[in-house]
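S.K.: Let me give you the structure first, and then I'll get to my questions.
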Amino acid sequence: ASGSEENDVVVIGGGPGGYVAAIKAAQLGLKTTCIEKRGTLGGTCLNVGCIPSKEIHPIPKQVDCTCLVVILGSPNPVWALLHSSHMYHEAKHSFASHGVKVGSVEVDVPAMMAQKDKAVVNLTKGIEGLLKKNKVNYVKGYGKFLSPSEISVDTIEGGNTVVKGKNIIIATGSDVKSLPGITIDEERIVSSTGALALKEIPKKLIVIGAGYIGLEMGSVWGRLGSEVTVVEFAPDIVPTMDGEIRKQFQRSLEKQKMKFMLKTKVVSVDTTGNGVKLTLEPAAGGDQTTLEADVVLVSAGRIPFTAGLQLDKIGVETDKAGRILVNQRFATNVPGVYAIGDVIPGPMLAHKAEEDGVACVEYIAGKEGHVDYDLVPGVCYTHPEVASVGRTEEQLKTLGVDYRVGKFPFLANSRAKAIDDAEGLVKILADKETDRILGVHIMSPNAGELIHEAVLALQYGASSEDIARTCHAHPTMSEALKEAAMATYDKAIHI
Ligand code: FAD
């Protein structure tokens with residue numbers, strides 16, 4: 001049905017934005033085709049992003065008490081690198097203090113990578129199953145515009161087909177941003193994709209860019225034994241984070257032996273020797289220094305991907321950064337052509353792309369859709385994790401909003417103390433007059449799970465008193481949120 005038969009909706013790109021849009025469109029009764037060039041669904045997120053970098057299945061099949069080799073096979077193992085490296089780190093550094101004795105602890109990098117690859121294959125196949133179940137037609141190939149309603153697809157098998165649609169959704173995502181003068185070879189100079197597939201643990205790893213991805217990947221290899229130095233041009237790591245949380249987060253990473261060179265510019269890269277030699281200079285100018293490593297990870301952001309789409313043929317407008325411009329209904333300037341996800345302005349996150357996808361097809365189907373970019377949570381999946389939603393204290397100051405702050409440290413939370421993992425805090429910012437919650441920032445193990453109570457609170461316009469007066473089970477990490485809420489307008493109990 002991909003050929004001359006007309007679809008109601010054609011989605012170009014099978015990432016979290018595209019495949020979710022395709023499924024939702026089909027569920028709304030629209031005849032839908034999804035085109036993906038990679039040969040597997042799930043996009044950047046599932047193939048070379050969120051999933052392979054993180055944990056999924058926490059239970060090891062077998063723990064040999066004399067010699068724990070991390071990442072053993074399990075019946076349905078879906079592990080990925082952050083979780084895997086965290087387990088190794090725990091076994092090596094924390095088990096003994098919990099009274100669990102193990103002999104030598106080793107890392108088997110090929111086994112770890114094989115588990116990660118298996119996780120990716122399982123999940124991408126799962127999405128293919130979902131498309132089938134929802135009767136979405138799936139075309140594997142590279143799509144390009146012939147007209148606003150016709151897409152020519154060079155198929156993976158080698159042929160060509162034309163897919164027609166009344167509505168076309170561009171969900172082509174993003175790509176790694178390279179830096180001038182630095183060529184990524186995915187061996188010694190790697191992007192996040194290469195960093196997810198290193199064959200051995202680099203003795204020294206330099207990460208260029210202290211954003212979420214750089215810090216997560218730095219954590220993975222740091223836990224496995226690499227000496228990690230993060231070089232960042234800006235004066236701070238993760239500039240979008242609340243300043244107070246960011247400072248504590250940096251200290252925590254430094255305790256894990258991650259080194260930071262902030263306000264530092266990479267001048268040149270030399271790969272003529274065995275390793276890689278970087279020449280660095282203070283951002284404001286000054287004396288040059290050199291730094292050597294076995295592997296350099298370039299993690300300086302991502303750029304929208306529209307190569308080969310032939311957008312110019314139909315006149316779709318983009319901004320200076322190459323992002324496709326859309327209105328609130330995700331419509332481009334060309335009637336019938338929409339865009340969602342990383343390829344349009346907004347947070348470059350998988351869950352934001354998914355929300356875009358659903359809202360976009362709801363509009364196409366004549367319904368209402370809505371995505372509030374101010375309420376998209378952000379999570380850095382290090383250990384501890386850092387999660388946030390809404391405004392930072394710095395933003396409120398800039399906006400001239402009067403606010404109150406409530407904080408609660410996990411050191412005073414019984415669950416965190418019981419598991420001996422009590423680093424971090426909850427910080428709530430609420431309007432001084434109305435008590436309405438404006439921002440919540442959490443640094444703790446599993447902060448990425450805890451944040452959703454706060455997301456819901458912001459979504460429903462709750463006050464900090466609403467959270468404080470909601471009964472929370474004991475003993476849980478979530479109690480820290482309740483206590484921070486109490487501290488916002490009154491006093492916490494347990495501190
Ligand atoms: P993509 O996932 O990039 O998908 C676009 C798809 O379109 C691709 O599969 C591509 O092959 C296909 N395509 C492109 N052009 C064409 C064409 N012409 N024809 C056919 N197909 C085409 N986000 C989070 O929310 N949480 C995380 O923890 C997280 N971790 C990340 C870790 C890493 C290392 C990276 C790199 C990213 C991470 N992200 C994370 C970001 C997340 O991956 C993206 O925000 C998300 O994948 C964007 O979804 P998308 O559908 O817009 O685009």
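Identifiers for the structure tokens are assigned positionally: chains receive A, B, ... in sequence, residues are indexed from 1 per chain, and ligands are indexed from 1 in the order shown.
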Find the residues near Ala485 in chain A: any atom within 8 Å, counting only C-alpha atoms, skip ones fewer than 5 places away on the same chain, and give them as a PyMOL selection string.
M.R.: chain A and resi 406-407+428+464-465+467-468+492
S.K.: Can you spit out the residues from that selection as a PDB file, in the first residue's frame, using C-alpha atoms?
M.R.:
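Contents of out_17.pdb, as written:
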```pdb
ATOM      1  CA  GLY A 406      12.082  25.080  50.050  1.00  0.00           C
ATOM      2  CA  LYS A 407      14.905  22.546  50.291  1.00  0.00           C
ATOM      3  CA  ILE A 428      11.291  23.712  45.220  1.00  0.00           C
ATOM      4  CA  SER A 464       3.740  23.633  47.481  1.00  0.00           C
ATOM      5  CA  GLU A 465       1.151  23.185  50.236  1.00  0.00           C
ATOM      6  CA  ILE A 467       2.294  18.509  47.828  1.00  0.00           C
ATOM      7  CA  ALA A 468       3.039  18.967  51.524  1.00  0.00           C
ATOM      8  CA  ALA A 492      10.191  20.630  57.264  1.00  0.00           C
TER       9      ALA A 492
END
```
S.K.: Dump the neighbourhood of ligand 1 as a PyMOL selection string: all residues within 7 Å, distances computed on only C-alpha atoms and all ligand atoms.
M.R.: chain A and resi 12-18+35-38+41-45+48-50+53+141-144+171-175+192-193+213+305-309+340-343+348-351+353+379+381
S.K.: For the residues in the current selection, export C-alpha atoms as a PDB file, in the first residue's frame.
M.R.:
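Output file out_17.pdb is given in full below:
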```pdb
ATOM      1  CA  ILE A  12       9.415  10.755   7.425  1.00  0.00           C
ATOM      2  CA  GLY A  13      11.607   9.387  10.225  1.00  0.00           C
ATOM      3  CA  GLY A  14      10.969   6.531  12.640  1.00  0.00           C
ATOM      4  CA  GLY A  15      12.440   8.041  15.845  1.00  0.00           C
ATOM      5  CA  PRO A  16      10.463   8.725  19.044  1.00  0.00           C
ATOM      6  CA  GLY A  17       8.726  11.630  17.309  1.00  0.00           C
ATOM      7  CA  GLY A  18       8.001   9.831  14.042  1.00  0.00           C
ATOM      8  CA  ILE A  35       9.448   6.007   6.212  1.00  0.00           C
ATOM      9  CA  GLU A  36      12.766   5.277   7.957  1.00  0.00           C
ATOM     10  CA  LYS A  37      16.190   5.173   6.300  1.00  0.00           C
ATOM     11  CA  ARG A  38      18.096   3.411   9.119  1.00  0.00           C
ATOM     12  CA  LEU A  41      12.955   2.033  14.121  1.00  0.00           C
ATOM     13  CA  GLY A  42      13.461   4.091  17.288  1.00  0.00           C
ATOM     14  CA  GLY A  43      15.703   6.794  15.805  1.00  0.00           C
ATOM     15  CA  THR A  44      18.674   8.331  17.586  1.00  0.00           C
ATOM     16  CA  CYS A  45      17.111   7.599  20.955  1.00  0.00           C
ATOM     17  CA  VAL A  48      22.498   5.437  19.418  1.00  0.00           C
ATOM     18  CA  GLY A  49      21.120   7.585  22.251  1.00  0.00           C
ATOM     19  CA  CYS A  50      18.954   7.288  25.356  1.00  0.00           C
ATOM     20  CA  SER A  53      23.445   4.682  27.242  1.00  0.00           C
ATOM     21  CA  GLY A 141      14.395   3.857   2.828  1.00  0.00           C
ATOM     22  CA  TYR A 142      15.563   7.447   2.364  1.00  0.00           C
ATOM     23  CA  GLY A 143      12.722   9.882   1.746  1.00  0.00           C
ATOM     24  CA  LYS A 144      12.889  13.134  -0.195  1.00  0.00           C
ATOM     25  CA  ALA A 171      10.441  13.837  11.902  1.00  0.00           C
ATOM     26  CA  THR A 172      14.012  13.503  10.686  1.00  0.00           C
ATOM     27  CA  GLY A 173      15.632  14.349  14.017  1.00  0.00           C
ATOM     28  CA  SER A 174      19.149  15.535  14.647  1.00  0.00           C
ATOM     29  CA  ASP A 175      22.786  14.674  14.153  1.00  0.00           C
ATOM     30  CA  SER A 192      28.368   9.837  21.427  1.00  0.00           C
ATOM     31  CA  THR A 193      27.731   7.070  18.883  1.00  0.00           C
ATOM     32  CA  ILE A 213      25.400  13.601  27.018  1.00  0.00           C
ATOM     33  CA  PHE A 305      19.032  16.783  10.342  1.00  0.00           C
ATOM     34  CA  THR A 306      17.402  17.586   7.005  1.00  0.00           C
ATOM     35  CA  ALA A 307      20.113  16.497   4.555  1.00  0.00           C
ATOM     36  CA  GLY A 308      18.800  14.997   1.329  1.00  0.00           C
ATOM     37  CA  LEU A 309      15.147  15.813   2.116  1.00  0.00           C
ATOM     38  CA  ILE A 340       8.103  17.607  14.987  1.00  0.00           C
ATOM     39  CA  GLY A 341      10.891  16.542  17.365  1.00  0.00           C
ATOM     40  CA  ASP A 342      14.580  17.453  17.255  1.00  0.00           C
ATOM     41  CA  VAL A 343      14.257  18.986  13.787  1.00  0.00           C
ATOM     42  CA  MET A 348      16.012  18.102  21.988  1.00  0.00           C
ATOM     43  CA  LEU A 349      14.567  15.251  24.025  1.00  0.00           C
ATOM     44  CA  ALA A 350      12.851  12.001  23.145  1.00  0.00           C
ATOM     45  CA  HIS A 351       9.793  12.574  25.339  1.00  0.00           C
ATOM     46  CA  ALA A 353       9.466  14.568  20.361  1.00  0.00           C
ATOM     47  CA  VAL A 379      17.127  14.381  33.438  1.00  0.00           C
ATOM     48  CA  TYR A 381      21.248   9.999  34.106  1.00  0.00           C
TER      49      TYR A 381
END
```
S.K.: Which residues are close to Leu411 in chain A, i.e. within 10 Å by only C-alpha atoms, leaving aside same-chain residues fewer than 5 positions away? Reply as number ranges by chain.
M.R.: A: 416-417, 420-425, 480, 495
S.K.: Keeping only C-alpha atoms, write those residues as a PDB file, in the first residue's frame.
M.R.:
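New file selection17.pdb:
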```pdb
ATOM      1  CA  ALA A 416      18.245   7.276  51.289  1.00  0.00           C
ATOM      2  CA  LYS A 417      20.149   6.728  54.546  1.00  0.00           C
ATOM      3  CA  ASP A 420      23.520   4.474  52.045  1.00  0.00           C
ATOM      4  CA  ASP A 421      22.924   6.600  48.948  1.00  0.00           C
ATOM      5  CA  ALA A 422      21.990   9.968  50.409  1.00  0.00           C
ATOM      6  CA  GLU A 423      23.796  12.494  48.251  1.00  0.00           C
ATOM      7  CA  GLY A 424      21.675  15.356  46.935  1.00  0.00           C
ATOM      8  CA  LEU A 425      18.583  17.374  47.683  1.00  0.00           C
ATOM      9  CA  ALA A 480      11.993  14.378  50.497  1.00  0.00           C
ATOM     10  CA  ILE A 495      15.540  18.483  59.749  1.00  0.00           C
TER      11      ILE A 495
END
```
S.K.: Would you mind listing what lies within 12 Å of range 244-254 of chain A as a PyMOL selection string, with only C-alpha atoms counted and same-chain residues fewer than 6 positions away left out?
M.R.: chain A and resi 210-212+215-216+218-220+222-223+227-230+235-238+260-262+380-388+392-394+405+407+409+422-428+440-444
S.K.: Write a file of the selected residues as a CSV table (one decimal), in the first residue's frame, keeping N, CA and C atoms.
M.R.:
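What ended up in selection04.csv:
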```
chain,number,residue,atom,x,y,z
A,210,ALA,N,30.5,20.0,28.4
A,210,ALA,CA,29.9,19.5,29.7
A,210,ALA,C,28.4,19.5,29.8
A,211,GLY,N,27.8,19.0,28.7
A,211,GLY,CA,26.3,18.9,28.7
A,211,GLY,C,25.9,17.6,29.2
A,212,TYR,N,24.6,17.3,29.1
A,212,TYR,CA,24.0,16.0,29.6
A,212,TYR,C,24.8,14.8,29.0
A,215,LEU,N,28.5,14.4,30.1
A,215,LEU,CA,28.6,14.0,31.5
A,215,LEU,C,28.2,12.5,31.7
A,216,GLU,N,27.1,12.1,31.0
A,216,GLU,CA,26.7,10.7,31.1
A,216,GLU,C,27.7,9.8,30.5
A,218,GLY,N,30.9,10.4,30.1
A,218,GLY,CA,32.1,10.5,30.9
A,218,GLY,C,31.9,9.6,32.1
A,219,SER,N,30.7,9.6,32.7
A,219,SER,CA,30.4,8.8,33.9
A,219,SER,C,30.6,7.3,33.6
A,220,VAL,N,30.0,6.9,32.4
A,220,VAL,CA,30.1,5.5,32.1
A,220,VAL,C,31.6,5.0,32.1
A,222,GLY,N,34.3,6.6,33.2
A,222,GLY,CA,35.0,6.9,34.4
A,222,GLY,C,34.7,5.8,35.4
A,223,ARG,N,33.5,5.3,35.5
A,223,ARG,CA,33.2,4.2,36.5
A,223,ARG,C,34.0,2.9,36.1
A,227,GLU,N,40.4,7.7,33.2
A,227,GLU,CA,40.6,9.0,33.8
A,227,GLU,C,39.9,10.0,32.9
A,228,VAL,N,38.9,10.7,33.4
A,228,VAL,CA,38.1,11.5,32.6
A,228,VAL,C,38.3,13.0,32.8
A,229,THR,N,38.6,13.8,31.8
A,229,THR,CA,38.7,15.2,31.9
A,229,THR,C,37.7,15.9,31.0
A,230,VAL,N,36.9,16.7,31.5
A,230,VAL,CA,35.8,17.4,30.7
A,230,VAL,C,36.3,18.8,30.4
A,235,PRO,N,31.6,28.9,31.5
A,235,PRO,CA,32.1,28.9,32.9
A,235,PRO,C,31.5,27.8,33.8
A,236,ASP,N,30.4,27.2,33.3
A,236,ASP,CA,29.7,26.2,34.1
A,236,ASP,C,29.4,25.0,33.3
A,237,ILE,N,29.2,23.9,34.1
A,237,ILE,CA,28.7,22.7,33.4
A,237,ILE,C,27.2,22.9,33.2
A,238,VAL,N,26.6,22.1,32.4
A,238,VAL,CA,25.1,22.2,32.1
A,238,VAL,C,24.5,23.5,32.4
A,260,PHE,N,37.4,18.8,35.7
A,260,PHE,CA,36.8,19.8,34.8
A,260,PHE,C,37.8,20.9,34.5
A,261,MET,N,37.8,21.2,33.2
A,261,MET,CA,38.5,22.4,32.8
A,261,MET,C,37.5,23.3,32.1
A,262,LEU,N,37.0,24.3,32.9
A,262,LEU,CA,35.9,25.2,32.4
A,262,LEU,C,36.6,26.4,31.8
A,380,CYS,N,19.5,14.2,33.9
A,380,CYS,CA,20.9,13.7,33.6
A,380,CYS,C,21.1,12.4,34.3
A,381,TYR,N,21.3,11.4,33.5
A,381,TYR,CA,21.2,10.0,34.1
A,381,TYR,C,22.6,9.6,34.6
A,382,THR,N,23.2,10.4,35.4
A,382,THR,CA,24.5,10.1,36.1
A,382,THR,C,24.1,9.4,37.4
A,383,HIS,N,25.1,9.3,38.3
A,383,HIS,CA,24.7,8.8,39.6
A,383,HIS,C,25.4,9.8,40.6
A,384,PRO,N,24.7,10.6,41.4
A,384,PRO,CA,23.2,10.7,41.4
A,384,PRO,C,22.7,11.3,40.1
A,385,GLU,N,21.4,11.1,39.9
A,385,GLU,CA,20.8,11.7,38.7
A,385,GLU,C,20.4,13.1,39.1
A,386,VAL,N,20.3,14.0,38.1
A,386,VAL,CA,19.7,15.3,38.3
A,386,VAL,C,18.5,15.5,37.4
A,387,ALA,N,17.4,15.9,38.0
A,387,ALA,CA,16.2,16.0,37.3
A,387,ALA,C,15.5,17.4,37.6
A,388,SER,N,14.9,18.0,36.6
A,388,SER,CA,14.3,19.3,36.9
A,388,SER,C,13.1,19.5,36.0
A,392,THR,N,14.3,27.8,36.9
A,392,THR,CA,15.5,27.7,37.8
A,392,THR,C,15.4,29.0,38.6
A,393,GLU,N,16.2,29.1,39.7
A,393,GLU,CA,16.2,30.3,40.5
A,393,GLU,C,16.7,31.5,39.7
A,394,GLU,N,17.7,31.2,38.8
A,394,GLU,CA,18.3,32.3,38.0
A,394,GLU,C,17.2,32.8,37.0
A,405,VAL,N,11.9,29.6,48.5
A,405,VAL,CA,12.6,28.4,48.2
A,405,VAL,C,12.4,27.4,49.4
A,407,LYS,N,13.9,23.6,50.6
A,407,LYS,CA,14.9,22.5,50.3
A,407,LYS,C,14.9,21.4,51.3
A,409,PRO,N,17.5,18.0,52.2
A,409,PRO,CA,18.6,17.1,51.8
A,409,PRO,C,18.3,15.6,51.9
A,422,ALA,N,22.8,8.8,50.0
A,422,ALA,CA,22.0,10.0,50.4
A,422,ALA,C,22.6,11.3,49.9
A,423,GLU,N,23.3,11.2,48.8
A,423,GLU,CA,23.8,12.5,48.3
A,423,GLU,C,22.7,13.2,47.5
A,424,GLY,N,22.6,14.6,47.7
A,424,GLY,CA,21.7,15.4,46.9
A,424,GLY,C,20.6,16.0,47.7
A,425,LEU,N,19.6,16.6,47.0
A,425,LEU,CA,18.6,17.4,47.7
A,425,LEU,C,17.4,17.6,46.7
A,426,VAL,N,16.3,18.0,47.3
A,426,VAL,CA,15.1,18.5,46.5
A,426,VAL,C,15.1,20.0,46.8
A,427,LYS,N,14.9,20.7,45.7
A,427,LYS,CA,14.7,22.2,45.8
A,427,LYS,C,13.4,22.6,45.1
A,428,ILE,N,12.6,23.3,45.8
A,428,ILE,CA,11.3,23.7,45.2
A,428,ILE,C,11.2,25.2,45.2
A,440,VAL,N,11.0,22.7,40.1
A,440,VAL,CA,11.5,21.7,41.1
A,440,VAL,C,12.8,21.1,40.5
A,441,HIS,N,13.7,21.0,41.4
A,441,HIS,CA,15.1,20.5,41.0
A,441,HIS,C,15.5,19.4,42.0
A,442,ILE,N,15.8,18.2,41.5
A,442,ILE,CA,16.2,17.1,42.4
A,442,ILE,C,17.5,16.5,42.0
A,443,MET,N,18.4,16.4,42.9
A,443,MET,CA,19.6,15.6,42.7
A,443,MET,C,19.6,14.4,43.7
A,444,SER,N,19.5,13.2,43.2
A,444,SER,CA,19.4,12.0,44.0
A,444,SER,C,19.5,10.8,43.1
```
S.K.: Need the shell around Lys432 in chain A: protein/DNA/RNA residues with any atom at most 6 Å away, counting only C-alpha atoms. Skip same-chain ones fewer than 6 positions apart. Format as a ChimeraX atom specification?
M.R.: /A:402-404
S.K.: Please report the interatomic distance between CA of His370 in chain A and CA of Asn134 in chain A in Å with one decimal.
M.R.: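 Between CA of His370 in chain A and CA of Asn134 in chain A the gap works out to 23.0 Å.
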S.K.: Residues at most 9 Å from range 199-203 of chain A, counting only C-alpha atoms, excluding those fewer than 3 positions away in the same chain, as a compact mmCIF listing (two decimals) with C-alpha atoms, in the first residue's frame?
M.R.:
```
# COMPACT_ATOMS: atom_id res chain seq x y z
CA VAL A 109 33.67 -4.79 27.66
CA PRO A 110 32.66 -6.97 24.68
CA MET A 113 28.49 -4.07 24.51
CA TRP A 221 33.81 5.30 31.18
CA LEU A 224 34.89 1.57 34.34
CA GLY A 225 38.31 3.04 35.11
CA SER A 226 39.07 5.82 32.59
CA GLU A 227 40.64 9.04 33.83
CA VAL A 228 38.07 11.53 32.56
CA ALA A 293 44.23 11.14 25.88
CA ASP A 294 43.57 7.78 24.26
CA VAL A 295 40.08 8.84 23.20
```
